[in-house]
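Here's entry_3.cif, which has mmCIF, C-alpha atoms:
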data_run
#
loop_
_atom_site.label_atom_id
_atom_site.label_comp_id
_atom_site.auth_asym_id
_atom_site.auth_seq_id
_atom_site.Cartn_x
_atom_site.Cartn_y
_atom_site.Cartn_z
CA MET A 86 -2.66 -14.20 11.29
CA SER A 87 -0.65 -15.11 8.20
CA ASP A 88 3.12 -14.95 8.17
CA GLU A 89 2.98 -12.13 5.65
CA ILE A 90 0.70 -9.98 7.78
CA ARG A 91 2.67 -10.79 10.91
CA ALA A 92 5.91 -9.74 9.22
CA LEU A 93 4.39 -6.56 7.83
CA THR A 94 2.85 -5.68 11.19
CA ALA A 95 6.22 -6.13 12.87
CA ARG A 96 7.89 -4.02 10.21
CA LEU A 97 5.38 -1.23 10.67
CA ALA A 98 5.77 -1.41 14.44
CA ASP A 99 9.55 -1.08 14.05
CA GLU A 100 9.25 1.77 11.58
CA PRO A 101 5.92 3.52 12.15
CA THR A 102 6.81 6.25 9.68
CA SER A 103 7.70 3.86 6.87
CA LEU A 104 5.53 3.06 3.87
CA ALA A 105 4.99 -0.49 5.10
CA PHE A 106 1.39 0.47 5.84
CA LEU A 107 0.70 0.28 2.10
CA GLU A 108 1.67 -3.38 1.90
CA LEU A 109 0.02 -4.25 5.21
CA GLY A 110 -3.24 -2.50 4.34
CA GLU A 111 -3.35 -4.21 0.97
CA ALA A 112 -2.58 -7.61 2.48
CA LEU A 113 -5.38 -7.18 5.02
CA ARG A 114 -7.77 -6.04 2.30
CA ARG A 115 -6.99 -9.07 0.18
CA ARG A 116 -7.79 -11.29 3.13
CA GLY A 117 -11.14 -9.54 3.61
CA GLN A 118 -10.11 -7.93 6.89
CA TYR A 119 -11.53 -4.61 5.84
CA ASP A 120 -11.81 -2.92 9.22
CA ALA A 121 -8.21 -3.68 10.06
CA ALA A 122 -7.11 -2.67 6.58
CA ALA A 123 -9.00 0.63 6.87
CA LYS A 124 -7.40 1.37 10.23
CA VAL A 125 -3.90 0.77 8.85
CA ALA A 126 -4.62 2.76 5.69
CA ARG A 127 -6.10 5.72 7.56
CA GLY A 128 -3.11 5.78 9.89
CA GLY A 129 -0.75 5.86 6.94
CA LEU A 130 -2.81 8.48 5.18
CA SER A 131 -2.65 10.75 8.20
CA ARG A 132 1.16 10.64 7.96
CA TYR A 133 1.30 10.88 4.19
CA PRO A 134 -1.67 12.98 3.05
CA GLY A 135 0.15 13.88 -0.16
CA LEU A 136 0.79 10.29 -1.19
CA ALA A 137 -1.47 9.11 -4.01
CA ASP A 138 -0.80 5.46 -3.12
CA ALA A 139 -2.34 6.01 0.30
CA HIS A 140 -5.53 7.51 -1.13
CA ASP A 141 -5.65 4.70 -3.68
CA LEU A 142 -5.41 2.09 -0.93
CA VAL A 143 -8.17 3.77 1.10
CA ALA A 144 -10.35 3.87 -2.02
CA ARG A 145 -9.89 0.16 -2.70
CA ILE A 146 -10.82 -0.71 0.86
CA LEU A 147 -13.88 1.55 0.85
CA SER A 148 -14.93 0.10 -2.48
CA ASP A 149 -14.71 -3.41 -1.04
CA GLN A 150 -16.73 -2.27 1.95
CA GLY A 151 -19.45 -0.95 -0.36
CA ASP A 152 -18.83 2.71 0.49
CA LEU A 153 -18.70 3.76 -3.15
CA ALA A 154 -19.16 7.46 -2.48
CA GLY A 155 -16.21 7.35 -0.09
CA ALA A 156 -14.20 5.37 -2.62
CA PHE A 157 -15.01 7.95 -5.27
CA ASP A 158 -13.70 10.77 -3.11
CA ALA A 159 -10.53 8.86 -2.24
CA TRP A 160 -9.79 8.01 -5.88
CA ALA A 161 -10.50 11.60 -6.86
CA ASP A 162 -7.93 12.68 -4.27
CA ALA A 163 -5.43 10.19 -5.72
CA ILE A 164 -6.02 11.61 -9.19
CA ARG A 165 -5.53 15.15 -7.96
CA LEU A 166 -2.13 14.12 -6.64
CA ASP A 167 -1.22 11.95 -9.62
CA PRO A 168 -3.44 12.65 -12.63
CA MET A 169 -2.10 9.71 -14.62
CA ARG A 170 -2.52 7.08 -11.93
CA SER A 171 -4.10 4.25 -13.88
CA SER A 172 -5.40 2.27 -10.90
CA ALA A 173 -7.35 5.30 -9.65
CA LEU A 174 -8.56 6.11 -13.15
CA LYS A 175 -9.82 2.55 -13.48
CA GLY A 176 -11.47 2.83 -10.10
CA LEU A 177 -13.30 6.00 -11.07
CA ALA A 178 -14.28 4.44 -14.39
CA PHE A 179 -15.71 1.50 -12.51
CA LEU A 180 -17.73 3.77 -10.24
CA TYR A 181 -18.95 5.95 -13.09
CA PHE A 182 -20.05 2.85 -14.95
CA ARG A 183 -21.94 1.56 -11.96
CA ALA A 184 -23.63 4.94 -11.67
CA GLY A 185 -24.71 4.73 -15.31
CA GLU A 186 -22.31 7.49 -16.40
CA VAL A 187 -20.99 5.63 -19.43
CA PRO A 188 -19.25 8.56 -21.21
CA ALA A 189 -17.37 9.45 -18.03
CA ALA A 190 -16.45 5.79 -17.53
CA LEU A 191 -15.07 5.58 -21.06
CA GLU A 192 -13.18 8.84 -20.66
CA HIS A 193 -11.48 7.58 -17.51
CA LEU A 194 -10.65 4.25 -19.13
CA ALA A 195 -9.16 6.07 -22.11
CA ARG A 196 -6.97 8.05 -19.74
CA ALA A 197 -6.00 4.89 -17.91
CA ALA A 198 -5.01 3.35 -21.24
CA GLU A 199 -2.84 6.38 -21.97
CA ALA A 200 -1.21 6.13 -18.59
CA ASP A 201 -0.65 2.38 -18.77
CA PRO A 202 -0.59 1.21 -22.39
CA ASP A 203 0.59 -2.25 -21.32
CA ASP A 204 -2.54 -3.01 -19.30
CA VAL A 205 -4.53 -5.19 -21.70
CA THR A 206 -7.58 -5.25 -19.45
CA ILE A 207 -8.31 -1.60 -20.20
CA PRO A 208 -8.94 -1.81 -23.96
CA ALA A 209 -10.89 -4.99 -23.32
CA ALA A 210 -13.12 -3.17 -20.85
CA ILE A 211 -13.60 -0.28 -23.26
CA ALA A 212 -14.60 -2.71 -25.99
CA ARG A 213 -17.09 -4.48 -23.73
CA ILE A 214 -18.72 -1.23 -22.65
CA GLU A 215 -18.92 0.04 -26.20
CA GLN A 216 -20.44 -3.24 -27.33
CA GLU A 217 -23.01 -3.04 -24.57
CA VAL A 218 -23.84 0.54 -25.52
CA ARG A 219 -24.29 -0.49 -29.14
CA GLU A 220 -26.54 -3.37 -28.18
CA THR A 221 -28.77 -1.25 -26.00
CA SER A 222 -28.49 1.86 -28.22
CA ALA A 223 -28.48 3.85 -25.03
CA PRO A 224 -26.26 4.21 -22.00
CA PRO A 225 -26.84 1.10 -19.91
CA PRO A 226 -28.12 1.21 -16.39
CA PRO A 227 -25.80 0.15 -13.61
CA PRO A 228 -25.16 -3.53 -14.19
CA GLN A 229 -26.79 -6.18 -12.05
CA GLU A 230 -23.97 -8.59 -12.86
CA PRO A 231 -20.34 -7.98 -11.92
CA ALA A 232 -19.11 -4.93 -13.76
CA PRO A 233 -17.48 -5.51 -17.14
CA VAL A 234 -14.92 -2.84 -16.47
CA PRO A 235 -11.71 -3.90 -14.75
CA ALA A 236 -12.26 -3.94 -11.03
CA PRO A 237 -10.08 -1.20 -9.57
CA PRO A 238 -8.72 -3.03 -6.58
CA ALA A 239 -5.90 -5.23 -7.79
CA ASP A 240 -7.01 -8.87 -7.88
CA ALA A 241 -10.07 -8.12 -5.83
CA PRO A 242 -13.62 -8.97 -6.80
CA ALA A 243 -15.64 -6.06 -8.05
CA PRO A 244 -18.15 -4.92 -5.49
CA SER A 245 -21.69 -5.28 -6.74
CA PRO A 246 -23.90 -3.22 -4.49
CA PRO A 247 -27.57 -2.75 -5.23
CA GLN A 248 -28.38 0.15 -7.48
CA SER A 249 -29.38 2.28 -4.54
CA GLN A 250 -25.81 2.11 -3.31
CA ALA A 251 -24.33 3.31 -6.58
CA VAL A 252 -22.40 6.54 -6.53
CA PRO A 253 -24.87 9.35 -6.12
CA ALA A 254 -24.98 11.86 -8.93
CA SER A 255 -23.63 14.49 -6.62
CA THR A 256 -20.44 12.50 -6.09
CA ALA A 257 -20.09 11.45 -9.71
CA PRO A 258 -20.19 14.86 -11.27
CA ALA A 259 -20.17 15.48 -14.98
CA THR A 260 -18.19 18.63 -14.26
CA PRO A 261 -14.56 18.48 -13.21
CA PRO A 262 -13.44 18.97 -9.63
CA SER A 263 -12.39 22.57 -10.04
CA GLY A 264 -15.71 23.45 -11.61
CA PRO A 265 -15.02 25.18 -14.93
CA THR A 266 -17.88 27.09 -16.38
CA VAL A 267 -20.04 25.45 -19.00
CA ASP A 268 -18.56 27.56 -21.80
CA SER A 269 -14.99 26.82 -20.73
CA PRO A 270 -12.79 24.99 -23.24
CA PHE A 271 -12.16 22.53 -20.45
CA ALA A 272 -15.74 21.93 -19.37
CA ASP A 273 -15.41 18.34 -20.66
CA PHE A 274 -11.99 17.81 -19.10
CA SER A 275 -12.26 15.61 -16.07
CA ASP A 276 -9.24 17.15 -14.28
CA GLY A 277 -10.81 20.58 -14.34
CA GLU A 278 -9.26 23.71 -15.74
CA ARG A 279 -6.81 24.40 -12.90
CA GLY A 280 -3.37 25.00 -14.36
CA LEU A 281 -4.67 25.00 -17.93
CA LEU A 282 -4.71 28.01 -20.18
CA LEU A 283 -5.86 28.33 -23.78
CA ALA A 284 -4.82 31.43 -25.70
CA ASP A 285 -5.13 32.62 -29.27
CA ALA A 286 -2.33 33.81 -31.53
CA ASN A 287 -2.99 37.40 -30.52
CA GLY A 288 -2.22 36.69 -26.90
CA LEU A 289 -5.79 36.72 -25.71
CA ARG A 290 -7.03 34.20 -23.19
CA LEU A 291 -9.77 31.91 -24.51
CA GLY A 292 -10.23 30.01 -21.28
CA GLY A 293 -8.66 28.26 -18.34
CA THR A 294 -7.08 29.54 -15.18
CA LEU A 295 -3.50 29.95 -14.10
CA THR A 296 -2.71 30.91 -10.55
CA ALA A 297 0.64 32.50 -9.70
CA PRO A 298 2.58 30.86 -6.84
CA GLY A 299 1.84 33.83 -4.60
CA GLY A 300 -1.86 33.69 -5.45
CA GLY A 301 -3.76 35.76 -7.92
CA GLU A 302 -4.80 34.98 -11.45
CA ALA A 303 -1.94 35.17 -13.96
CA GLY A 304 -3.81 33.81 -16.98
CA ASP A 305 -4.20 37.04 -18.92
CA ARG A 306 -0.59 38.12 -18.39
CA VAL A 307 0.75 34.74 -19.48
CA ALA A 308 -1.60 34.54 -22.46
CA ALA A 309 -0.27 37.89 -23.63
CA GLU A 310 3.23 36.37 -23.80
CA LEU A 311 2.20 33.12 -25.45
CA GLY A 312 1.54 34.65 -28.86
CA GLY A 313 5.21 35.62 -29.07
CA VAL A 314 6.32 32.21 -27.84
CA VAL A 315 4.35 30.48 -30.59
CA ARG A 316 5.89 32.70 -33.25
CA GLU A 317 9.43 32.09 -31.96
CA ALA A 318 8.82 28.34 -31.68
CA GLY A 319 7.52 28.16 -35.24
CA ARG A 320 10.43 30.21 -36.55
CA ALA A 321 13.07 28.21 -34.67
CA SER A 322 11.78 24.77 -35.65
CA ARG A 323 11.28 25.77 -39.28
CA LEU A 324 14.62 27.50 -39.79
CA LEU A 325 16.54 24.73 -38.05
CA GLY A 326 14.98 22.15 -40.36
CA LEU A 327 13.02 20.48 -37.58
CA GLY A 328 9.60 20.80 -39.25
CA SER A 329 6.54 21.96 -37.38
CA TRP A 330 6.73 22.08 -33.60
CA HIS A 331 4.67 19.76 -31.41
CA SER A 332 5.33 20.90 -27.87
CA ILE A 333 7.55 22.94 -25.60
CA ALA A 334 8.41 21.61 -22.15
CA ILE A 335 9.71 24.17 -19.66
CA GLU A 336 11.20 23.27 -16.30
CA THR A 337 11.33 25.88 -13.57
CA PRO A 338 12.19 25.29 -9.91
CA ALA A 339 8.57 25.65 -8.76
CA ALA A 340 6.58 24.37 -11.73
CA PHE A 341 6.71 22.42 -14.94
CA LEU A 342 4.96 23.84 -17.98
CA VAL A 343 4.06 22.28 -21.31
CA LEU A 344 2.84 24.17 -24.34
CA VAL A 345 1.00 22.42 -27.18
CA PRO A 346 -0.87 23.88 -30.14
CA PRO A 347 -4.45 22.50 -30.26
CA SER A 348 -4.84 24.29 -33.60
CA GLY A 349 -2.76 26.47 -35.89
CA ASP A 350 -3.87 29.66 -34.21
CA THR A 351 -4.13 28.67 -30.56
CA VAL A 352 -1.79 27.44 -27.86
CA LEU A 353 -2.52 25.55 -24.69
CA LEU A 354 -0.40 25.76 -21.58
CA ALA A 355 -0.54 23.08 -18.89
CA SER A 356 1.17 23.69 -15.57
CA ARG A 357 1.79 21.41 -12.62
CA GLU A 358 4.16 21.14 -9.69
CA PRO A 359 7.48 19.43 -10.43
CA SER A 360 6.34 16.37 -8.48
CA MET A 361 4.54 15.35 -11.66
CA PRO A 362 7.01 13.86 -14.12
CA MET A 363 7.37 16.00 -17.21
CA ALA A 364 6.41 13.16 -19.55
CA ARG A 365 3.13 12.73 -17.68
CA LEU A 366 2.45 16.42 -17.88
CA GLY A 367 3.02 16.12 -21.61
CA LEU A 368 0.34 13.45 -21.82
CA LEU A 369 -2.02 15.57 -19.75
CA ALA A 370 -1.41 18.56 -22.02
CA GLU A 371 -2.10 16.49 -25.13
CA ARG A 372 -5.34 15.24 -23.62
CA ALA A 373 -6.38 18.76 -22.66
CA ALA A 374 -5.50 19.91 -26.17
CA ARG A 375 -7.85 17.31 -27.65
CA VAL A 376 -10.65 18.57 -25.41
CA ALA A 377 -9.86 22.18 -26.35
CA ARG A 378 -9.77 21.26 -30.06
CA ARG A 379 -13.27 19.80 -29.84
CA TRP A 380 -14.42 22.96 -28.08
CA LEU A 381 -12.88 25.13 -30.79
CA GLU A 382 -14.48 23.05 -33.54
CA ARG A 383 -17.88 23.36 -31.90
CA GLY A 384 -17.40 27.12 -31.64
CA ARG A 385 -16.51 27.39 -35.30
CA MET B 110 40.66 21.83 -23.87
CA THR B 111 38.67 24.78 -22.48
CA PRO B 112 35.84 24.25 -19.99
CA GLU B 113 33.37 25.27 -22.70
CA THR B 114 34.75 22.71 -25.14
CA MET B 115 34.66 19.99 -22.48
CA VAL B 116 31.02 20.78 -21.77
CA LEU B 117 30.06 20.64 -25.42
CA ASP B 118 32.03 17.45 -25.89
CA ARG B 119 29.98 15.68 -23.22
CA VAL B 120 26.69 16.85 -24.67
CA THR B 121 27.53 15.89 -28.23
CA ARG B 122 28.53 12.39 -27.13
CA VAL B 123 24.86 11.66 -26.36
CA PRO B 124 23.35 9.54 -29.12
CA GLY B 125 21.26 11.55 -31.55
CA VAL B 126 22.73 14.95 -30.70
CA ARG B 127 23.57 16.76 -33.93
CA GLY B 128 25.37 19.59 -32.28
CA ALA B 129 25.69 21.77 -29.23
CA LEU B 130 26.76 25.31 -28.66
CA LEU B 131 27.14 27.87 -25.97
CA ALA B 132 25.71 31.27 -26.76
CA SER B 133 25.17 34.59 -25.12
CA ALA B 134 21.50 34.71 -24.16
CA GLY B 135 21.28 38.47 -24.58
CA ASP B 136 22.52 38.87 -28.12
CA GLY B 137 22.56 35.27 -29.40
CA LEU B 138 26.29 35.34 -30.24
CA VAL B 139 28.07 32.00 -30.30
CA VAL B 140 30.69 31.53 -27.59
CA ALA B 141 31.66 27.95 -28.48
CA GLU B 142 30.20 25.28 -30.72
CA GLN B 143 30.49 21.65 -31.77
CA LEU B 144 28.16 21.02 -34.66
CA MET B 145 27.63 18.39 -37.32
CA ASP B 146 27.53 19.48 -40.94
CA GLY B 147 24.23 21.04 -41.88
CA VAL B 148 23.55 22.67 -38.53
CA ASP B 149 23.88 26.44 -38.68
CA GLY B 150 25.35 27.45 -35.34
CA ARG B 151 24.63 31.14 -35.62
CA ALA B 152 21.00 30.49 -36.54
CA ALA B 153 20.58 27.97 -33.74
CA ALA B 154 22.07 30.40 -31.23
CA ALA B 155 19.92 33.31 -32.34
CA LEU B 156 16.70 31.29 -32.56
CA ALA B 157 17.22 29.50 -29.27
CA GLY B 158 18.16 32.77 -27.61
CA ALA B 159 14.99 34.45 -28.85
CA LEU B 160 12.82 31.53 -27.76
CA VAL B 161 14.40 31.35 -24.31
CA GLY B 162 13.98 35.10 -23.97
CA ARG B 163 10.27 34.78 -24.72
CA LEU B 164 9.94 31.93 -22.26
CA LEU B 165 11.70 33.97 -19.59
CA ARG B 166 9.03 36.63 -19.99
CA THR B 167 6.30 33.98 -19.91
CA THR B 168 7.51 32.38 -16.71
CA GLY B 169 7.96 35.85 -15.24
CA ALA B 170 4.36 36.68 -16.09
CA ALA B 171 3.31 33.50 -14.32
CA GLY B 172 5.22 34.56 -11.21
CA LEU B 173 7.76 31.78 -11.70
CA GLU B 174 11.53 31.77 -11.67
CA SER B 175 13.54 31.49 -14.88
CA PRO B 176 13.49 28.19 -16.77
CA LEU B 177 16.13 25.62 -15.93
CA PHE B 178 15.57 23.61 -19.08
CA VAL B 179 13.55 23.97 -22.26
CA HIS B 180 12.66 21.26 -24.76
CA LEU B 181 11.08 22.27 -28.06
CA ARG B 182 9.86 19.07 -29.71
CA ALA B 183 9.24 19.14 -33.44
CA GLU B 184 8.52 16.72 -36.28
CA GLU B 185 12.14 16.09 -37.22
CA GLY B 186 13.89 16.53 -33.92
CA SER B 187 14.20 18.80 -30.94
CA LEU B 188 15.86 21.97 -29.78
CA LEU B 189 17.09 21.81 -26.18
CA ALA B 190 18.23 24.78 -24.13
CA ALA B 191 19.61 25.13 -20.63
CA PRO B 192 20.26 28.66 -19.39
CA ALA B 193 23.60 28.90 -17.62
CA PRO B 194 25.11 31.50 -15.30
CA GLY B 195 26.69 34.55 -16.84
CA ASP B 196 23.90 35.24 -19.30
CA LEU B 197 24.81 32.12 -21.27
CA VAL B 198 22.58 29.49 -22.75
CA LEU B 199 23.63 25.97 -23.64
CA VAL B 200 21.83 24.80 -26.77
CA ALA B 201 21.59 21.40 -28.46
CA VAL B 202 19.95 20.38 -31.70
CA VAL B 203 18.97 16.71 -31.65
CA GLY B 204 17.41 14.21 -34.02
CA PRO B 205 14.04 12.52 -33.53
CA ASP B 206 15.62 9.37 -32.05
CA ALA B 207 17.93 11.13 -29.63
CA ASN B 208 18.13 10.13 -26.00
CA ILE B 209 16.48 13.30 -24.68
CA GLY B 210 16.65 12.16 -21.07
CA LEU B 211 20.39 11.69 -21.18
CA ALA B 212 20.94 14.90 -23.13
CA ARG B 213 18.89 16.78 -20.54
CA LEU B 214 20.95 15.41 -17.66
CA GLU B 215 24.23 16.24 -19.40
CA MET B 216 23.05 19.74 -20.22
CA LEU B 217 21.80 20.50 -16.71
CA ASP B 218 25.04 19.20 -15.28
CA ALA B 219 27.05 21.20 -17.78
CA ALA B 220 25.09 24.38 -17.19
CA GLY B 221 25.70 24.01 -13.48
CA ARG B 222 29.42 23.52 -13.95
CA LEU B 223 29.71 26.61 -16.10
CA GLY B 224 28.74 28.75 -13.14
#
I need this file expressed as structure tokens, please.
Amino acid sequence: MSDEIRALTARLADEPTSLAFLELGEALRRRGQYDAAAKVARGGLSRYPGLADAHDLVARILSDQGDLAGAFDAWADAIRLDPMRSSALKGLAFLYFRAGEVPAALEHLARAAEADPDDVTIPAAIARIEQEVRETSAPPPPPQEPAPVPAPPADAPAPSPPQSQAVPASTAPATPPSGPTVDSPFADFSDGERGLLLADANGLRLGGTLTAPGGGEAGDRVAAELGGVVREAGRASRLLGLGSWHSIAIETPAAFLVLVPPSGDTVLLASREPSMPMARLGLLAERAARVARRWLERGR
Amino acid sequence: MTPETMVLDRVTRVPGVRGALLASAGDGLVVAEQLMDGVDGRAAAALAGALVGRLLRTTGAAGLESPLFVHLRAEEGSLLAAPAPGDLVLVAVVGPDANIGLARLEMLDAAGRLG
């Protein structure tokens, strides 16, 4: 047992409820002690089911163990808790690529690049995939060589299971987790349409769902108010000499909201719990607005 | 120096803030203001009041409590608003390079102290 692992084990024994399990699980994983790492990670996850780091650690271990379907689920859980978590986005991109789902892989890498613009491996991976797509003129099959996308586990070799072990189609869905309908503006949005609402200037809902804290769909009621918000925002920014408005961020005790205009006559509302930093919610809203804009252009 | 003036003084010290004012949320009337030249206090109060009023209705429709802070980001700057107790709203007009994070903290703190 290395000194590092011994020290971390002692620390975790002293403080079983601490986050030391993250470091210990990662240290064990790096040493190839996957079973021990998984045991530590699962223990931590049971105490901190809402911690994206814990799901991310479990995913890395499962990926190293070749359980790619399990890794997919764990990274998806991490993304649900922290939609801009670049390590999990890279992990999902890696798995999508191995499953031959190149567009989904590129979409996740693009999101990872948004979340972590300083990570130079992400644009490099995007370029390599795009080059490969150009060369083959078709989405490539799962690679036989180590994947050209950045391996999700930090500093760990990319697992290269046989094709039969690649993520099954059922666990690498083209549709988002919350299952928007095909004609939803957010059908192409990998986070699903939960907490997203697209409305027109007349206050009519074009798509998305918004659930009130007490349950029940609030989308239509909120959409009816958004037309007035857009008019007031346009008036205020214009008359105060601020030019055209780009976004409105609204903090409430129970939720953060961001409004962005995908087009001149529509507005998109993104809502998340305050545990998501407002700046990240802004990025998510902009990304959802791009998806909605493409949907609007197709419709027109 | 009145409490209102002290509050505005702290907000306008933040780099990039062009002006701040305290207005009545209901009718948009200015209670106190500290503005640079070129910023129309009455217009800012009325426009911010109307926008916050709309957002109050929106959050109400969503089953949420009233906003604590609002940030309208535009091409040439931002309009910030923090509703305060007593039907007041603290408003700031800031330039595109303003330290929004610091302005937000000052405004939330100020709005709390006005209560």
Output the contact residues of chain A with respect to chain B at a cut-off of 7 Å, based on only C-alpha atoms, as a PyMOL selection string. chain A and resi 297-298+303+306-307+310-311+313-314+317-318+321-322+325+327-339
Write out as a PyMOL selection string each polymer residue whose atoms come within 10 Å of segment 369-376 of chain A, counting all atoms listed in the file; drop sequence neighbours fewer than 6 positions from it. chain A and resi 168-169+196+199-200+270-278+281-283+331-332+342-348+351-357+363
Matched chain/residue IDs from the PyMOL selection byres ((chain B and resi 124-137) around 7), as a PyMOL selection string: chain B and resi 117+120-123+138-145+154-155+158+196-204+206-208
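Distances to Ala309 of chain A were evaluated for A:Pro202, A:His193, A:Leu289, A:Thr296 using only C-alpha atoms, and the minimum falls at A:Leu289.
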Let me know the centre plus edge lengths, in Å and rounded to one decimal, of a box with edges along x, y and z that contains all listed atoms of segment 317-325 of chain A and is padded by 8 Å on every side, as AutoDock Vina command-line options.
--center_x 12.0 --center_y 28.4 --center_z -35.7 --size_x 25.0 --size_y 23.4 --size_z 24.1
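One distance worth recording is that between atom CA of Gly135 of chain A and atom CA of Arg170 of chain A, which is 13.9 Å.
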Can you list, as a VMD selection string, every protein, DNA or RNA residue that comes within 7 Å of Ala178 of chain A when you count only C-alpha atoms, leaving out same-chain residues fewer than 4 positions away? chain A and resid 174 182 189 to 191 193 to 194
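Atom CA of Ala364 of chain A to atom CA of Asp138 of chain A spans 19.5 Å [interatomic distance, one decimal].
Distance-wise, atom CA of Arg279 of chain A and atom CA of Thr294 of chain A end up 5.6 Å apart.
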Could you tell me, as a PyMOL selection string, exactly which residues end up selected when the PyMOL selection byres ((chain B and resi 222) around 10) is applied to this structure? chain B and resi 112-113+116+193-194+216-221+223-224
Give me a file of those residues, with C-alpha atoms, as a PDB file, keeping the file's coordinate frame.
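again-v7.pdb, freshly written:
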ATOM      1  CA  PRO B 112      35.840  24.250 -19.990  1.00  0.00           C
ATOM      2  CA  GLU B 113      33.370  25.270 -22.700  1.00  0.00           C
ATOM      3  CA  VAL B 116      31.020  20.780 -21.770  1.00  0.00           C
ATOM      4  CA  ALA B 193      23.600  28.900 -17.620  1.00  0.00           C
ATOM      5  CA  PRO B 194      25.110  31.500 -15.300  1.00  0.00           C
ATOM      6  CA  MET B 216      23.050  19.740 -20.220  1.00  0.00           C
ATOM      7  CA  LEU B 217      21.800  20.500 -16.710  1.00  0.00           C
ATOM      8  CA  ASP B 218      25.040  19.200 -15.280  1.00  0.00           C
ATOM      9  CA  ALA B 219      27.050  21.200 -17.780  1.00  0.00           C
ATOM     10  CA  ALA B 220      25.090  24.380 -17.190  1.00  0.00           C
ATOM     11  CA  GLY B 221      25.700  24.010 -13.480  1.00  0.00           C
ATOM     12  CA  LEU B 223      29.710  26.610 -16.100  1.00  0.00           C
ATOM     13  CA  GLY B 224      28.740  28.750 -13.140  1.00  0.00           C
TER      14      GLY B 224
END
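Evaluated against the shown file, the PyMOL selection byres ((chain A and resi 157) around 8) gives Ala144, Leu153, Ala154, Gly155, Ala156, Asp158, Ala159, Trp160, Ala161, Gly176, Leu177, Leu180, Val252, Thr256 and Ala257 of chain A.
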